[in-house]
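Containing PDB, C-alpha atoms, pLDDT in the B column: structure_15.pdb.
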ATOM      1  CA  MET I   1     -31.277  21.761  17.393  1.00 43.00           C
ATOM      2  CA  LEU I   2     -27.687  20.963  16.477  1.00 45.00           C
ATOM      3  CA  LEU I   3     -27.646  18.109  18.956  1.00 47.00           C
ATOM      4  CA  SER I   4     -30.783  16.481  17.571  1.00 45.00           C
ATOM      5  CA  THR I   5     -29.471  16.776  13.992  1.00 46.00           C
ATOM      6  CA  ARG I   6     -26.179  15.141  14.973  1.00 47.00           C
ATOM      7  CA  ASN I   7     -27.958  12.177  16.553  1.00 46.00           C
ATOM      8  CA  THR I   8     -29.883  11.405  13.360  1.00 46.00           C
ATOM      9  CA  LEU I   9     -26.776  11.108  11.173  1.00 41.00           C
ATOM     10  CA  LYS I  10     -25.554   7.651  10.215  1.00 49.00           C
ATOM     11  CA  PRO I  11     -22.178   6.677  11.732  1.00 50.00           C
ATOM     12  CA  ASP I  12     -20.101   6.933   8.529  1.00 51.00           C
ATOM     13  CA  THR I  13     -21.806   9.980   7.038  1.00 53.00           C
ATOM     14  CA  ASP I  14     -20.649  12.351   9.765  1.00 53.00           C
ATOM     15  CA  LEU I  15     -16.993  11.327   9.433  1.00 51.00           C
ATOM     16  CA  PRO I  16     -14.661  13.594   7.474  1.00 53.00           C
ATOM     17  CA  ASP I  17     -13.236  12.071   4.293  1.00 52.00           C
ATOM     18  CA  PHE I  18      -9.785  11.804   5.900  1.00 48.00           C
ATOM     19  CA  THR I  19     -11.199   9.622   8.680  1.00 54.00           C
ATOM     20  CA  LYS I  20     -12.731   7.277   6.111  1.00 52.00           C
ATOM     21  CA  LEU I  21      -9.308   6.938   4.441  1.00 47.00           C
ATOM     22  CA  VAL I  22      -7.652   6.201   7.774  1.00 49.00           C
ATOM     23  CA  ARG I  23     -10.194   3.431   8.348  1.00 61.00           C
ATOM     24  CA  LEU I  24      -9.089   1.880   5.053  1.00 65.00           C
ATOM     25  CA  GLY I  25      -5.561   1.972   6.453  1.00 72.00           C
ATOM     26  CA  TRP I  26      -6.565  -0.726   8.938  1.00 77.00           C
ATOM     27  CA  LEU I  27      -6.579  -3.111   5.978  1.00 84.00           C
ATOM     28  CA  LEU I  28      -3.067  -2.101   4.906  1.00 90.00           C
ATOM     29  CA  PRO I  29      -1.313  -5.108   6.547  1.00 92.00           C
ATOM     30  CA  ALA I  30      -3.732  -7.528   4.860  1.00 93.00           C
ATOM     31  CA  SER I  31      -3.280  -5.719   1.543  1.00 93.00           C
ATOM     32  CA  ILE I  32       0.505  -5.882   1.808  1.00 95.00           C
ATOM     33  CA  TRP I  33       0.321  -9.591   2.669  1.00 96.00           C
ATOM     34  CA  ALA I  34      -1.948 -10.184  -0.348  1.00 96.00           C
ATOM     35  CA  VAL I  35       0.753  -8.585  -2.529  1.00 96.00           C
ATOM     36  CA  VAL I  36       3.382 -10.838  -0.897  1.00 96.00           C
ATOM     37  CA  ILE I  37       1.229 -13.877  -1.733  1.00 95.00           C
ATOM     38  CA  PHE I  38       0.838 -12.641  -5.310  1.00 94.00           C
ATOM     39  CA  VAL I  39       4.602 -12.195  -5.697  1.00 93.00           C
ATOM     40  CA  ILE I  40       5.309 -15.644  -4.255  1.00 90.00           C
ATOM     41  CA  ILE I  41       2.806 -17.419  -6.499  1.00 89.00           C
ATOM     42  CA  SER I  42       4.103 -15.503  -9.521  1.00 88.00           C
ATOM     43  CA  MET I  43       7.669 -16.731  -9.018  1.00 85.00           C
ATOM     44  CA  SER I  44       9.044 -19.342 -11.353  1.00 80.00           C
ATOM     45  CA  PRO I  45       9.571 -22.670  -9.576  1.00 73.00           C
ATOM     46  CA  ASP I  46      13.274 -22.355 -10.452  1.00 73.00           C
ATOM     47  CA  HIS I  47      13.513 -19.184  -8.324  1.00 70.00           C
ATOM     48  CA  ILE I  48      11.911 -20.633  -5.213  1.00 70.00           C
ATOM     49  CA  PRO I  49      14.679 -21.609  -2.790  1.00 71.00           C
ATOM     50  CA  GLU I  50      14.720 -25.211  -1.632  1.00 73.00           C
ATOM     51  CA  THR I  51      14.889 -25.914   2.074  1.00 70.00           C
ATOM     52  CA  SER I  52      14.948 -29.068   4.163  1.00 67.00           C
ATOM     53  CA  LEU I  53      12.044 -27.666   6.217  1.00 65.00           C
ATOM     54  CA  LEU I  54       9.758 -28.353   3.285  1.00 65.00           C
ATOM     55  CA  ASP I  55      11.076 -31.839   2.591  1.00 70.00           C
ATOM     56  CA  PHE I  56       7.856 -33.773   3.191  1.00 73.00           C
ATOM     57  CA  PRO I  57       4.992 -34.909   0.951  1.00 75.00           C
ATOM     58  CA  HIS I  58       2.583 -32.167  -0.126  1.00 74.00           C
ATOM     59  CA  ALA I  59       4.678 -29.428   1.499  1.00 78.00           C
ATOM     60  CA  ASP I  60       3.269 -26.954  -0.992  1.00 85.00           C
ATOM     61  CA  LYS I  61      -0.202 -27.442   0.531  1.00 89.00           C
ATOM     62  CA  ALA I  62       1.205 -26.573   3.954  1.00 90.00           C
ATOM     63  CA  VAL I  63       2.729 -23.406   2.468  1.00 90.00           C
ATOM     64  CA  HIS I  64      -0.611 -22.446   0.886  1.00 93.00           C
ATOM     65  CA  PHE I  65      -2.368 -23.096   4.195  1.00 96.00           C
ATOM     66  CA  LEU I  66       0.125 -20.936   6.114  1.00 95.00           C
ATOM     67  CA  LEU I  67       0.073 -18.049   3.620  1.00 96.00           C
ATOM     68  CA  PHE I  68      -3.706 -17.870   3.703  1.00 97.00           C
ATOM     69  CA  ALA I  69      -3.968 -18.415   7.465  1.00 97.00           C
ATOM     70  CA  ILE I  70      -1.840 -15.285   7.877  1.00 96.00           C
ATOM     71  CA  LEU I  71      -4.084 -13.476   5.392  1.00 97.00           C
ATOM     72  CA  GLY I  72      -7.159 -14.567   7.385  1.00 95.00           C
ATOM     73  CA  VAL I  73      -5.618 -13.247  10.616  1.00 93.00           C
ATOM     74  CA  LEU I  74      -4.756  -9.898   9.026  1.00 93.00           C
ATOM     75  CA  LEU I  75      -8.170  -9.565   7.384  1.00 92.00           C
ATOM     76  CA  ILE I  76     -10.090 -10.195  10.594  1.00 88.00           C
ATOM     77  CA  LEU I  77      -7.852  -7.801  12.514  1.00 86.00           C
ATOM     78  CA  GLY I  78      -8.292  -5.061   9.919  1.00 85.00           C
ATOM     79  CA  LEU I  79     -12.002  -5.553   9.441  1.00 82.00           C
ATOM     80  CA  GLY I  80     -12.591  -6.195  13.144  1.00 73.00           C
ATOM     81  CA  LYS I  81     -11.228  -2.761  14.011  1.00 68.00           C
ATOM     82  CA  GLN I  82     -14.079  -1.320  12.001  1.00 60.00           C
ATOM     83  CA  ALA I  83     -16.737  -3.295  13.857  1.00 56.00           C
ATOM     84  CA  GLY I  84     -18.687  -0.659  15.676  1.00 50.00           C
ATOM     85  CA  ASN I  85     -21.696  -2.706  16.672  1.00 45.00           C
ATOM     86  CA  ARG I  86     -22.766  -6.336  16.880  1.00 46.00           C
ATOM     87  CA  GLN I  87     -24.338  -6.525  13.434  1.00 51.00           C
ATOM     88  CA  ASN I  88     -21.301  -5.014  11.728  1.00 59.00           C
ATOM     89  CA  GLY I  89     -18.962  -7.270  13.722  1.00 63.00           C
ATOM     90  CA  ALA I  90     -20.578 -10.446  12.436  1.00 72.00           C
ATOM     91  CA  MET I  91     -20.577  -8.967   8.946  1.00 77.00           C
ATOM     92  CA  HIS I  92     -16.854  -8.234   9.168  1.00 78.00           C
ATOM     93  CA  ILE I  93     -16.131 -11.825  10.153  1.00 82.00           C
ATOM     94  CA  LEU I  94     -18.119 -12.985   7.118  1.00 87.00           C
ATOM     95  CA  MET I  95     -16.386 -10.422   4.897  1.00 88.00           C
ATOM     96  CA  ALA I  96     -12.941 -11.597   6.047  1.00 90.00           C
ATOM     97  CA  LEU I  97     -13.882 -15.161   5.142  1.00 94.00           C
ATOM     98  CA  LEU I  98     -15.314 -14.226   1.760  1.00 95.00           C
ATOM     99  CA  ILE I  99     -12.393 -11.983   0.809  1.00 95.00           C
ATOM    100  CA  GLY I 100      -9.836 -14.623   1.768  1.00 96.00           C
ATOM    101  CA  LEU I 101     -11.716 -17.415  -0.013  1.00 97.00           C
ATOM    102  CA  ALA I 102     -12.175 -15.337  -3.165  1.00 97.00           C
ATOM    103  CA  TYR I 103      -8.516 -14.322  -3.191  1.00 97.00           C
ATOM    104  CA  GLY I 104      -7.471 -17.953  -2.792  1.00 96.00           C
ATOM    105  CA  ILE I 105      -9.569 -18.953  -5.800  1.00 96.00           C
ATOM    106  CA  LEU I 106      -8.377 -16.008  -7.894  1.00 96.00           C
ATOM    107  CA  THR I 107      -4.705 -16.696  -7.206  1.00 95.00           C
ATOM    108  CA  GLU I 108      -5.096 -20.282  -8.381  1.00 94.00           C
ATOM    109  CA  TYR I 109      -6.988 -19.137 -11.465  1.00 94.00           C
ATOM    110  CA  TYR I 110      -4.183 -16.652 -12.176  1.00 93.00           C
ATOM    111  CA  GLN I 111      -1.579 -19.424 -11.874  1.00 92.00           C
ATOM    112  CA  HIS I 112      -3.593 -21.735 -14.109  1.00 89.00           C
ATOM    113  CA  CYS I 113      -4.330 -19.210 -16.871  1.00 90.00           C
ATOM    114  CA  CYS I 114      -1.453 -16.757 -16.854  1.00 86.00           C
ATOM    115  CA  LEU I 115       1.692 -18.530 -15.683  1.00 83.00           C
ATOM    116  CA  PRO I 116       2.928 -21.275 -18.001  1.00 83.00           C
ATOM    117  CA  GLU I 117       5.419 -22.669 -15.467  1.00 82.00           C
ATOM    118  CA  ARG I 118       2.905 -22.742 -12.583  1.00 81.00           C
ATOM    119  CA  HIS I 119      -0.263 -24.772 -12.191  1.00 83.00           C
ATOM    120  CA  GLY I 120      -3.357 -23.717 -10.295  1.00 84.00           C
ATOM    121  CA  ASN I 121      -5.352 -26.636  -8.988  1.00 90.00           C
ATOM    122  CA  ILE I 122      -8.253 -27.633  -6.752  1.00 94.00           C
ATOM    123  CA  PRO I 123      -6.120 -29.050  -3.881  1.00 94.00           C
ATOM    124  CA  ASP I 124      -4.350 -25.678  -3.646  1.00 93.00           C
ATOM    125  CA  ILE I 125      -7.711 -23.883  -3.567  1.00 95.00           C
ATOM    126  CA  ILE I 126      -8.760 -26.184  -0.726  1.00 96.00           C
ATOM    127  CA  ALA I 127      -5.518 -25.478   1.173  1.00 96.00           C
ATOM    128  CA  ASN I 128      -6.041 -21.734   0.642  1.00 96.00           C
ATOM    129  CA  ALA I 129      -9.634 -21.998   1.879  1.00 97.00           C
ATOM    130  CA  PHE I 130      -8.764 -24.006   4.985  1.00 97.00           C
ATOM    131  CA  GLY I 131      -5.913 -21.602   5.751  1.00 97.00           C
ATOM    132  CA  THR I 132      -8.222 -18.591   5.509  1.00 96.00           C
ATOM    133  CA  ILE I 133     -10.889 -20.231   7.649  1.00 96.00           C
ATOM    134  CA  PHE I 134      -8.300 -21.290  10.222  1.00 95.00           C
ATOM    135  CA  GLY I 135      -6.781 -17.794  10.426  1.00 94.00           C
ATOM    136  CA  VAL I 136     -10.127 -16.050  10.817  1.00 91.00           C
ATOM    137  CA  PHE I 137     -11.400 -18.449  13.451  1.00 87.00           C
ATOM    138  CA  LEU I 138      -8.057 -18.524  15.249  1.00 87.00           C
ATOM    139  CA  MET I 139      -8.376 -14.790  15.732  1.00 84.00           C
ATOM    140  CA  ALA I 140     -12.041 -15.077  16.637  1.00 75.00           C
ATOM    141  CA  MET I 141     -11.153 -17.576  19.378  1.00 74.00           C
ATOM    142  CA  GLY I 142      -8.066 -15.638  20.456  1.00 72.00           C
ATOM    143  CA  LEU I 143     -10.157 -12.533  20.854  1.00 63.00           C
ATOM    144  CA  GLN I 144     -13.082 -14.606  22.062  1.00 55.00           C
ATOM    145  CA  PRO I 145     -14.605 -12.200  24.609  1.00 59.00           C
ATOM    146  CA  ARG I 146     -14.461  -9.352  22.112  1.00 58.00           C
ATOM    147  CA  PHE I 147     -15.936 -11.386  19.257  1.00 55.00           C
ATOM    148  CA  ARG I 148     -18.614 -12.935  21.433  1.00 53.00           C
ATOM    149  CA  LYS I 149     -19.694  -9.405  22.208  1.00 58.00           C
ATOM    150  CA  ILE I 150     -19.496  -8.414  18.538  1.00 52.00           C
ATOM    151  CA  ILE I 151     -21.644 -11.287  17.290  1.00 49.00           C
ATOM    152  CA  GLY I 152     -24.090 -10.854  20.125  1.00 51.00           C
ATOM    153  CA  ARG I 153     -23.330 -13.858  22.322  1.00 52.00           C
ATOM    154  CA  ASN I 154     -22.367 -12.951  25.863  1.00 50.00           C
TER     155      ASN I 154
END

Take the structure I supplied and represent it as structure tokens, if you would.
Amino acid sequence: MLLSTRNTLKPDTDLPDFTKLVRLGWLLPASIWAVVIFVIISMSPDHIPETSLLDFPHADKAVHFLLFAILGVLLILGLGKQAGNRQNGAMHILMALLIGLAYGILTEYYQHCCLPERHGNIPDIIANAFGTIFGVFLMAMGLQPRFRKIIGRN
């Protein structure tokens, strides 16, 4: 009787609350990186150190792309660890994309509305979006056999 009851429970409902919290911990690196992005975009332009590495046209777009590519990588790693079956795996890939894209839009909105010395703009949103997409798909290709299995393509 106990065995048949256990088999009818949904995967998350039979986990203790502590286990659910630990699962949220898989997103800790992505959350920390999101805070790093927020701190960087909140800095006054006067406090951002100048470097010769960024001495090329539209270097700020490359920085946006890189910041959000890293976020995409961390999101897919954190969410991918939770992928227990094929349907959830594809959903986690979609969630990583949506979270990264939404955060990229919100950070630019925050710069535009709340920071008088910074300017949020559409080209930055596009750089954020392409960075997120690149990071997620870079990880999907890097972990290709695993993600093919997750999304149901062998």

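Taken over the whole file, the PyMOL selection byres ((chain I and resi 61-66) around 6) covers exactly His58, Ala59, Asp60, Leu67, Phe68, Ala69, Ala127, Asn128 and Gly131 of chain I.
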
Quick one, how far is atom CA of I:Ile105 from atom CA of I:Ala129?
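Interatomic distance here is 8.3 Å.
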
With the file shown as input, list the residues that the PyMOL selection byres ((chain I and resi 77) around 10) selects, as a tab-separated table (two decimals) with C-alpha atoms, in the frame of the given file.
chain	number	residue	atom	x	y	z
I	26	TRP	CA	-6.56	-0.73	8.94
I	27	LEU	CA	-6.58	-3.11	5.98
I	29	PRO	CA	-1.31	-5.11	6.55
I	30	ALA	CA	-3.73	-7.53	4.86
I	71	LEU	CA	-4.08	-13.48	5.39
I	72	GLY	CA	-7.16	-14.57	7.38
I	73	VAL	CA	-5.62	-13.25	10.62
I	74	LEU	CA	-4.76	-9.90	9.03
I	75	LEU	CA	-8.17	-9.56	7.38
I	76	ILE	CA	-10.09	-10.20	10.59
I	78	GLY	CA	-8.29	-5.06	9.92
I	79	LEU	CA	-12.00	-5.55	9.44
I	80	GLY	CA	-12.59	-6.20	13.14
I	81	LYS	CA	-11.23	-2.76	14.01
I	82	GLN	CA	-14.08	-1.32	12.00
I	92	HIS	CA	-16.85	-8.23	9.17
I	93	ILE	CA	-16.13	-11.82	10.15
I	96	ALA	CA	-12.94	-11.60	6.05
I	136	VAL	CA	-10.13	-16.05	10.82
I	139	MET	CA	-8.38	-14.79	15.73
I	140	ALA	CA	-12.04	-15.08	16.64
I	143	LEU	CA	-10.16	-12.53	20.85

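Minimum atom-to-atom distance to I:Ile41, evaluated using all atoms listed in the file, belongs to I:Tyr109 out of I:Phe130, I:Phe56, I:Tyr109, I:Phe137.
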
Within 7 Å of (-6.2, -12.1, -0.4) (file coordinates; all atoms listed in the file), which protein or nucleic acid residues are there? I'd like them as a PDB file with C-alpha atoms, in the frame of the given file.
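Output below, filename point-v4.pdb:
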ATOM      1  CA  ALA I  34      -1.948 -10.184  -0.348  1.00 96.00           C
ATOM      2  CA  LEU I  71      -4.084 -13.476   5.392  1.00 97.00           C
ATOM      3  CA  ILE I  99     -12.393 -11.983   0.809  1.00 95.00           C
ATOM      4  CA  GLY I 100      -9.836 -14.623   1.768  1.00 96.00           C
ATOM      5  CA  TYR I 103      -8.516 -14.322  -3.191  1.00 97.00           C
ATOM      6  CA  GLY I 104      -7.471 -17.953  -2.792  1.00 96.00           C
TER       7      GLY I 104
END

May I ask for the distance between atom CA of I:Ala90 and atom CA of I:Leu106, given in Å to one decimal place?
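Rounded to one decimal, the two atoms are 24.4 Å apart.
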
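Nearest residue to I:Tyr110, choosing from I:Ile70, I:Glu50, I:Ile125, I:Leu98 and counting only C-alpha atoms: I:Ile125.
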
At what distance in Å, to one decimal, does atom CA of I:Ile48 lie from atom CA of I:Val36?
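One can read the atom CA of I:Val36 to atom CA of I:Ile48 distance as 13.7 Å.
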
If the PyMOL selection byres ((chain I and resi 42) around 10) is run on the structure shown, which residues does it catch, given as a list in words?
Val36, Ile37, Phe38, Val39, Ile40, Ile41, Met43, Ser44, Pro45, Thr107, Tyr110, Gln111, Cys114, Leu115, Glu117 and Arg118 of chain I
